Every structure is written in structure tokens, then in C-alpha cells.
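Text of the file start-v3.cif, holding mmCIF, C-alpha atoms:
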data_final
#
loop_
_atom_site.label_atom_id
_atom_site.label_comp_id
_atom_site.auth_asym_id
_atom_site.auth_seq_id
_atom_site.Cartn_x
_atom_site.Cartn_y
_atom_site.Cartn_z
CA MET P 224 112.02 132.98 105.06
CA ASN P 225 113.54 129.78 103.66
CA ASN P 226 116.98 131.40 104.03
CA CYS P 227 116.65 131.87 107.80
CA THR P 228 119.76 130.55 109.56
CA ASP P 229 118.08 129.89 112.93
CA GLU P 230 117.30 126.22 113.51
CA ASN P 231 113.71 127.09 114.43
CA GLY P 232 113.17 129.51 111.54
CA GLY P 233 112.43 129.20 107.85
CA TRP P 234 111.26 125.71 106.92
CA ALA P 235 111.53 124.38 110.48
CA LEU P 236 107.76 124.04 111.01
CA GLY P 237 106.85 120.58 109.79
CA CYS P 238 110.47 119.71 108.96
CA ARG P 239 112.61 119.99 112.11
CA ILE P 240 109.80 120.65 114.58
CA ASP P 241 106.19 119.43 114.76
CA GLY P 242 104.00 120.68 111.93
CA GLY P 243 100.64 122.39 111.79
CA GLN P 244 97.99 119.67 111.48
CA ALA P 245 96.76 120.06 115.03
CA GLU P 246 94.20 122.22 116.81
CA TYR P 247 96.91 124.42 118.34
CA VAL P 248 100.42 125.08 117.05
CA ARG P 249 103.31 127.07 118.50
CA VAL P 250 104.97 129.00 115.69
CA PRO P 251 108.52 130.26 116.35
CA PHE P 252 109.11 133.86 115.21
CA ALA P 253 105.39 134.26 114.48
CA ASP P 254 105.74 138.03 114.80
CA GLN P 255 108.16 137.93 111.85
CA GLY P 256 106.67 135.29 109.58
CA LEU P 257 102.88 135.58 109.86
CA ASN P 258 100.43 137.93 108.13
CA LYS P 259 97.04 139.03 109.41
CA ILE P 260 94.19 137.87 107.19
CA PRO P 261 92.13 140.91 106.07
CA ASP P 262 88.52 141.07 107.21
CA LYS P 263 87.30 140.67 103.63
CA VAL P 264 89.21 137.40 103.14
CA THR P 265 87.85 134.11 104.51
CA ASP P 266 90.02 131.35 105.93
CA ARG P 267 89.32 129.21 102.87
CA GLN P 268 90.31 132.02 100.53
CA ALA P 269 93.55 132.47 102.45
CA LEU P 270 94.35 128.77 102.80
CA PHE P 271 96.94 128.56 100.00
CA VAL P 272 98.55 131.97 100.50
CA GLY P 273 101.57 130.49 102.29
CA ASP P 274 101.79 127.38 100.11
CA VAL P 275 101.01 126.84 96.42
CA LEU P 276 99.92 130.43 95.79
CA ALA P 277 103.10 131.73 97.40
CA THR P 278 105.08 129.42 95.12
CA GLY P 279 103.26 130.43 91.93
CA TYR P 280 103.36 134.13 92.75
CA TRP P 281 107.05 134.08 93.63
CA ALA P 282 107.90 132.05 90.52
CA ALA P 283 106.12 134.55 88.26
CA ARG P 284 107.74 137.55 89.92
CA PHE P 285 111.16 135.85 89.90
CA SER P 286 111.00 135.17 86.16
CA GLU P 287 111.15 138.76 84.88
CA ILE P 288 108.10 138.33 82.65
CA THR P 289 107.43 141.13 80.18
CA GLU P 290 104.43 142.13 78.11
CA ASP P 291 105.49 140.34 74.93
CA ASP P 292 106.85 137.14 76.46
CA THR P 293 105.56 133.72 75.52
CA VAL P 294 105.40 131.87 78.83
CA LEU P 295 105.28 128.09 79.23
CA ILE P 296 104.23 126.57 82.55
CA ILE P 297 105.07 122.89 82.98
CA GLY P 298 102.77 121.32 85.55
CA ALA P 299 98.95 121.38 85.59
CA GLY P 300 98.37 120.70 89.28
CA PRO P 301 97.41 123.21 91.98
CA THR P 302 100.84 124.85 91.94
CA GLY P 303 100.72 125.12 88.16
CA ILE P 304 97.29 126.73 88.28
CA CYS P 305 98.45 129.25 90.89
CA THR P 306 101.49 129.96 88.74
CA LEU P 307 99.26 130.54 85.71
CA LEU P 308 97.08 133.02 87.62
CA SER P 309 100.20 134.83 88.83
CA VAL P 310 101.76 134.94 85.36
CA MET P 311 98.58 136.57 84.03
CA LEU P 312 98.79 139.19 86.76
CA GLU P 313 102.42 139.85 85.81
CA LYS P 314 101.28 140.38 82.23
CA ILE P 315 98.78 142.98 83.44
CA ARG P 316 101.46 144.73 85.50
CA SER P 317 103.86 144.83 82.55
CA GLY P 318 101.39 146.99 80.62
CA SER P 319 99.87 144.48 78.26
CA SER P 320 97.71 145.96 75.52
CA CYS P 321 95.24 143.15 76.22
CA VAL P 322 94.67 144.05 79.88
CA GLN P 323 90.90 143.59 79.82
CA LYS P 324 91.15 140.28 78.01
CA ILE P 325 93.77 139.00 80.45
CA ARG P 326 91.87 140.28 83.49
CA LYS P 327 88.75 138.48 82.23
CA SER P 328 90.79 135.31 81.73
CA VAL P 329 92.15 135.53 85.28
CA CYS P 330 88.63 135.85 86.68
CA THR P 331 87.37 132.99 84.51
CA LEU P 332 90.19 130.68 85.51
CA SER P 333 89.82 131.63 89.15
CA GLY P 334 86.08 131.10 89.23
CA ASN P 335 85.99 127.95 87.14
CA ILE P 336 89.28 126.29 88.00
CA ILE P 337 90.64 123.85 85.45
CA ARG P 338 89.25 120.37 86.05
CA LYS P 339 90.10 118.85 82.70
CA PHE P 340 93.71 119.10 81.59
CA LEU P 341 95.14 118.58 78.15
CA GLN P 342 97.77 115.87 78.43
CA PHE P 343 100.52 115.87 75.83
CA ARG P 344 103.35 113.47 75.33
CA ARG P 345 106.75 115.10 75.76
CA LYS P 346 107.35 115.25 72.00
CA ASN P 347 103.95 116.84 71.40
CA VAL P 348 104.63 119.57 73.98
CA LEU P 349 107.90 120.49 72.32
CA ASN P 350 106.31 120.52 68.86
CA PHE P 351 103.39 122.61 70.09
CA VAL P 352 105.64 125.19 71.74
CA GLN P 353 107.89 125.50 68.71
CA ALA P 354 104.89 125.88 66.41
CA ASN P 355 103.28 128.56 68.58
CA SER P 356 106.23 130.77 69.47
CA GLU P 357 108.10 133.27 67.35
CA HIS P 358 111.65 132.21 68.15
CA GLY P 359 111.50 128.43 68.27
CA GLY P 360 110.57 128.21 71.93
CA ALA P 361 109.15 130.00 74.95
CA ASP P 362 110.71 133.22 76.24
CA VAL P 363 110.12 132.10 79.84
CA VAL P 364 109.65 128.54 81.09
CA LEU P 365 108.45 127.79 84.61
CA GLU P 366 108.99 124.21 85.79
CA VAL P 367 106.62 123.37 88.63
CA ALA P 368 106.03 119.65 88.00
CA GLY P 369 109.15 118.09 89.49
CA ALA P 370 109.80 115.04 87.31
CA GLU P 371 113.01 114.06 85.57
CA SER P 372 111.31 114.31 82.20
CA THR P 373 109.84 117.75 82.94
CA PHE P 374 113.23 119.11 84.01
CA ARG P 375 114.63 118.21 80.60
CA LEU P 376 111.48 119.40 78.84
CA ALA P 377 111.85 122.83 80.46
CA TRP P 378 115.13 123.68 78.76
CA GLU P 379 114.17 121.89 75.53
CA CYS P 380 111.11 124.12 75.14
CA ALA P 381 113.02 127.31 75.87
CA ARG P 382 114.20 129.52 73.03
CA PRO P 383 117.84 130.69 72.91
CA ASN P 384 118.54 133.30 75.63
CA ALA P 385 115.34 132.38 77.49
CA ILE P 386 114.80 132.29 81.24
CA VAL P 387 114.09 128.87 82.77
CA THR P 388 112.73 129.07 86.31
CA VAL P 389 112.77 125.86 88.33
CA VAL P 390 110.70 125.91 91.52
CA ALA P 391 109.76 122.23 91.58
CA LEU P 392 111.13 119.76 94.12
CA TYR P 393 112.77 116.57 92.83
CA ASP P 394 113.25 113.14 94.36
CA LYS P 395 116.84 113.01 93.15
CA ALA P 396 119.51 115.26 91.70
CA GLN P 397 119.07 116.47 88.11
CA THR P 398 121.84 117.00 85.59
CA LEU P 399 122.42 119.68 82.98
CA PRO P 400 123.49 118.05 79.68
CA LEU P 401 125.62 121.02 78.69
CA PRO P 402 126.80 119.60 75.33
CA ASP P 403 123.14 119.31 74.22
CA MET P 404 122.06 122.73 75.44
CA TYR P 405 125.25 124.74 75.05
CA GLY P 406 124.12 126.94 72.16
CA LYS P 407 120.94 128.08 73.86
CA ASN P 408 122.63 130.50 76.28
CA LEU P 409 119.89 129.99 78.86
CA THR P 410 119.51 131.73 82.21
CA PHE P 411 118.45 129.32 84.95
CA LYS P 412 116.72 130.58 88.09
CA THR P 413 115.84 128.33 90.99
CA GLY P 414 115.16 128.30 94.69
CA GLY P 415 112.55 127.77 97.36
CA VAL P 416 109.66 130.18 97.66
CA ASP P 417 110.55 132.86 100.18
CA GLY P 418 106.98 133.51 101.33
CA CYS P 419 107.55 137.27 101.56
CA ASP P 420 104.68 138.20 99.23
CA CYS P 421 101.85 136.94 101.44
CA GLU P 422 100.66 140.42 102.39
CA GLU P 423 100.50 141.33 98.70
CA THR P 424 98.60 138.17 97.69
CA LEU P 425 96.14 138.64 100.57
CA ARG P 426 95.48 142.14 99.27
CA LEU P 427 94.92 140.78 95.75
CA ILE P 428 92.47 138.21 97.12
CA ALA P 429 90.61 140.92 99.04
CA GLU P 430 90.36 142.94 95.83
CA GLY P 431 88.97 139.95 93.93
CA LYS P 432 91.97 139.68 91.61
CA ILE P 433 92.93 136.16 92.72
CA ASN P 434 90.65 133.35 93.85
CA THR P 435 92.14 129.96 94.65
CA GLU P 436 89.20 128.67 96.71
CA PRO P 437 87.88 126.54 93.79
CA LEU P 438 91.01 124.40 94.22
CA ILE P 439 89.38 123.02 97.40
CA THR P 440 87.34 120.11 96.12
CA HIS P 441 86.84 118.30 99.44
CA THR P 442 86.50 119.37 103.07
CA TYR P 443 86.92 117.15 106.15
CA PRO P 444 86.83 117.76 109.90
CA LEU P 445 90.07 117.08 111.78
CA SER P 446 88.47 113.98 113.32
CA ARG P 447 88.32 112.40 109.81
CA ILE P 448 91.77 113.42 108.65
CA GLU P 449 92.77 109.81 107.90
CA GLU P 450 89.94 109.64 105.34
CA ALA P 451 91.16 112.89 103.83
CA TYR P 452 94.69 111.52 103.51
CA GLU P 453 93.42 108.32 101.91
CA LEU P 454 91.31 110.26 99.40
CA PHE P 455 94.15 112.60 98.47
CA GLU P 456 96.82 109.89 98.28
CA ASN P 457 94.74 107.76 95.93
CA LYS P 458 93.48 110.75 93.90
CA ARG P 459 89.85 109.69 94.09
CA ASN P 460 86.65 111.59 93.28
CA GLY P 461 88.37 114.30 91.25
CA VAL P 462 90.27 115.60 94.27
CA ILE P 463 92.54 118.61 93.76
CA LYS P 464 93.01 119.95 97.30
CA VAL P 465 91.52 118.91 100.64
CA ALA P 466 90.73 121.39 103.40
CA VAL P 467 90.78 120.17 107.01
CA GLU P 468 88.66 122.16 109.47
CA CYS P 469 88.94 122.09 113.24
#

Turn the structure described in the file into C-alpha cells.
Amino acid sequence: MNNCTDENGGWALGCRIDGGQAEYVRVPFADQGLNKIPDKVTDRQALFVGDVLATGYWAARFSEITEDDTVLIIGAGPTGICTLLSVMLEKIRSGSSCVQKIRKSVCTLSGNIIRKFLQFRRKNVLNFVQANSEHGGADVVLEVAGAESTFRLAWECARPNAIVTVVALYDKAQTLPLPDMYGKNLTFKTGGVDGCDCEETLRLIAEGKINTEPLITHTYPLSRIEEAYELFENKRNGVIKVAVEC
């Protein structure tokens, strides 16, 4: 959908035309870009299907993850959590011998979403990855944080011939220091989430295989949206995501 060439298609909503934080919104090409929410899925359960869950799911699918891969996800926010859940599902699909263990982990992470993150300095992350991978780095690295330091960290933590998937957005252009990374023979993948997996993720939510609702830590009515913005912007009261209800 992000590749749509029509000026009112793709990322137009909220970018080139008025966005969706209103009681009623006209959506161009709605018959092409919207998915019906299944009866078994609540609005809150479906809230992130077209946003952070779409990004995490697409990133995992895009990265060609196999059963034996060591996967590093850089970014511990909502998008990183959705990416982690999606990576675990990819592991199940690839025929992992630890299917039950992974499935249990997915349910645990979904039901008790991470509220306390381990924070490493850049050097510690690199040392940890190298010490806990068989080939001196991760087989697949997914960069979902979007900082200059995390862009560099992504390829530093990758083993030779690894896949580095960049789905983060950056404030400014990043550079590839080819002389420093030349011998790694890395494959870089990048792009905006295409949003074409929403029907699949809705089905997974209906089946209880994904649950992102615990990411919603605060709920506000539309009449108090300024308070919601203030809370989220200043990261108060342990906020992760805010839901706004009409």
C-alpha cells in the first residue's frame, strides 16, 4: 500500500490529507485498503493491526528467518515487542523443534507484555551478541529503533553473510561505512511496511496466537485527547500506548 502511485493512496491519510483522529473519517480507496475485523476480535485487540503490529509482522516475514537463526531485534518499544512476537511466530512456521516452548513464550509475552527492559550500552550489546551466537554475530538483525547509533549497531552485531532488516524511520540520512563493514558481505533489506498482512494478523489474533492489547496502558475519550498527548509525549506513568475512544 505504501507503493501506491495515486496521490490519495498509500500513506496519504495523515500525510497529504487529513488523518484519522476524528469521529468520522473519509478513507480513499477504502474498498482496497481496509479489512473487516472478525467478530471474535475486539476493537482494542485490532487497534495496532495496521500500525506497529503490521510493521513487526512484515519485518519478520521480510527477513527470511529460519529455524536455526539467531535473531537480534534492536528496539524495545511497542514496535520492537510486536516484532519479537512476529519473529517467534516465524520460528514456529519454520518447523522449530521447540514449537511448544516458543508457543508458550509467545503467549507469555503477549499476556504479560514487557514493562521492564534491560538497557545495555552499545558496547555491551555487541559483546553480548558475540558471546551468545555461534558465528560471531546474529544471523538476522532487525533494526526498529531508528537512532543513528542503532543503525550502526545493527550491522556491527550481524555475523558475516547475515541479513540486516531496517524498518525504522530516521530523522536524517544514514551512511554505510563500507571500508569498516566490507568483509561482512551483508544483505540489507529495508522499506516501509506494506500493510498487506492485516487479514492474516487479524486471523492470528482471533485464534489467540497474537495479543497486543496489553500494550495499551492508558485509555482516554476523544474529548480529553490533549491530556493523552501530554501523557504520551512526556512518557509519564509507565505509558506504552494510549487508546483514544470516541

Inset, instruction - Would you mind reading off the distance between atom CA of P:Ser372 and atom CA of P:Asn460, one decimal, in Å? - result: 27.2 Å

Inset, instruction - Name the residues captured by the PyMOL selection byres ((chain P and resi 422) around 9) when it is applied to the shown file; answer as JSON, numbers by chain. - result: {"P": [258, 259, 260, 272, 419, 420, 421, 423, 424, 425, 426, 427]}

Inset, instruction - Can you pull out every residue within 12 Å of P:Gly359, counting only C-alpha atoms, but drop anything in the same chain fewer than 4 positions away, and send it as number ranges by chain? - result: P: 293, 349-355, 379-385, 407

Same residues, C-alpha atoms, saved as an mmCIF file, in the frame of the given file:
data_model
loop_
_atom_site.group_PDB
_atom_site.id
_atom_site.type_symbol
_atom_site.label_atom_id
_atom_site.label_comp_id
_atom_site.auth_asym_id
_atom_site.auth_seq_id
_atom_site.Cartn_x
_atom_site.Cartn_y
_atom_site.Cartn_z
ATOM 1 C CA THR P 293 105.560 133.720 75.520
ATOM 2 C CA LEU P 349 107.900 120.490 72.320
ATOM 3 C CA ASN P 350 106.310 120.520 68.860
ATOM 4 C CA PHE P 351 103.390 122.610 70.090
ATOM 5 C CA VAL P 352 105.640 125.190 71.740
ATOM 6 C CA GLN P 353 107.890 125.500 68.710
ATOM 7 C CA ALA P 354 104.890 125.880 66.410
ATOM 8 C CA ASN P 355 103.280 128.560 68.580
ATOM 9 C CA GLU P 379 114.170 121.890 75.530
ATOM 10 C CA CYS P 380 111.110 124.120 75.140
ATOM 11 C CA ALA P 381 113.020 127.310 75.870
ATOM 12 C CA ARG P 382 114.200 129.520 73.030
ATOM 13 C CA PRO P 383 117.840 130.690 72.910
ATOM 14 C CA ASN P 384 118.540 133.300 75.630
ATOM 15 C CA ALA P 385 115.340 132.380 77.490
ATOM 16 C CA LYS P 407 120.940 128.080 73.860
#

Inset, instruction - Could you jot down the atom CA of P:Ile433 to atom CA of P:Gly461 separation for me, Å, one decimal place? - result: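 Atom CA of P:Gly461 lies at a distance of 22.4 Å from atom CA of P:Ile433.
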
Legend entry - P:Thr410, P:Thr398, P:Gly298, P:Ala451 ranked by distance to P:Gly369, top pick (using only C-alpha atoms):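 Result for the nearest residue to P:Gly369: P:Gly298.
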
Inset, instruction - Grab the atom CA of P:Leu236 to atom CA of P:Ala277 distance for me, in Å with one decimal place. - result: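 One can read the atom CA of P:Leu236 to atom CA of P:Ala277 distance as 16.3 Å.
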
Inset, instruction - Pick out the closest residue to P:Ile448 from this set: P:Gly279, P:Asn408, P:Ala245, P:Leu308. Count only C-alpha atoms. - result: P:Ala245

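Shortest atom-to-atom contact with P:Val389 among P:Ala466, P:Leu401, P:Leu307, P:Ala283: P:Ala283, counting only C-alpha atoms.
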
Inset, instruction - Using the chain letters and numbering of this document, enumerate as a PyMOL selection string the residues selected by the PyMOL selection byres ((chain P and resi 468) around 12). - result: chain P and resi 244-246+266-267+270+441-448+451+465-467+469

Inset, instruction - Counting all atoms listed in the file, figure out which residue out of P:Gly303, P:His358, P:Ile428, P:Ile297 gets nearest to P:Arg375. - result: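 Nearest candidate to P:Arg375 out of P:Gly303, P:His358, P:Ile428, P:Ile297: P:Ile297.
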
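For the residues P:Asp241, P:Asp291, P:Glu453, P:Glu430, ranking by smallest atom-to-atom distance to P:Val264 using only C-alpha atoms places P:Glu430 first.
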
Contacts of P:Ser286 at 9 Å or less, counting all atoms listed in the file, minus same-chain residues fewer than 4 places along, as a compact mmCIF listing (two decimals) with C-alpha atoms, keeping the file's coordinate frame?
# COMPACT_ATOMS: atom_id res chain seq x y z
CA TRP P 281 107.05 134.08 93.63
CA ALA P 282 107.90 132.05 90.52
CA VAL P 363 110.12 132.10 79.84
CA VAL P 364 109.65 128.54 81.09
CA LEU P 365 108.45 127.79 84.61
CA ILE P 386 114.80 132.29 81.24
CA VAL P 387 114.09 128.87 82.77
CA THR P 388 112.73 129.07 86.31
CA LYS P 412 116.72 130.58 88.09

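Minimum atom-to-atom distances from P:Gly406, P:Gly414, P:Gly431, P:Pro301 to P:Lys464 were compared using all atoms listed in the file, and the lowest value belongs to P:Pro301.
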
Stretch 347-357 of chain P, all listed atoms, 4 Å padding on each side: what axis-aligned box centre and edge lengths in Å to one decimal come out, as AutoDock Vina command-line options?
--center_x 105.7 --center_y 125.1 --center_z 70.2 --size_x 12.8 --size_y 24.4 --size_z 15.6

Inset, instruction - Given the file shown, enumerate the residues that the PyMOL selection byres ((chain P and resi 292) around 10) captures and present them as a ChimeraX atom specification. - result: /P:287-291,293-295,314,356-357,361-363,385
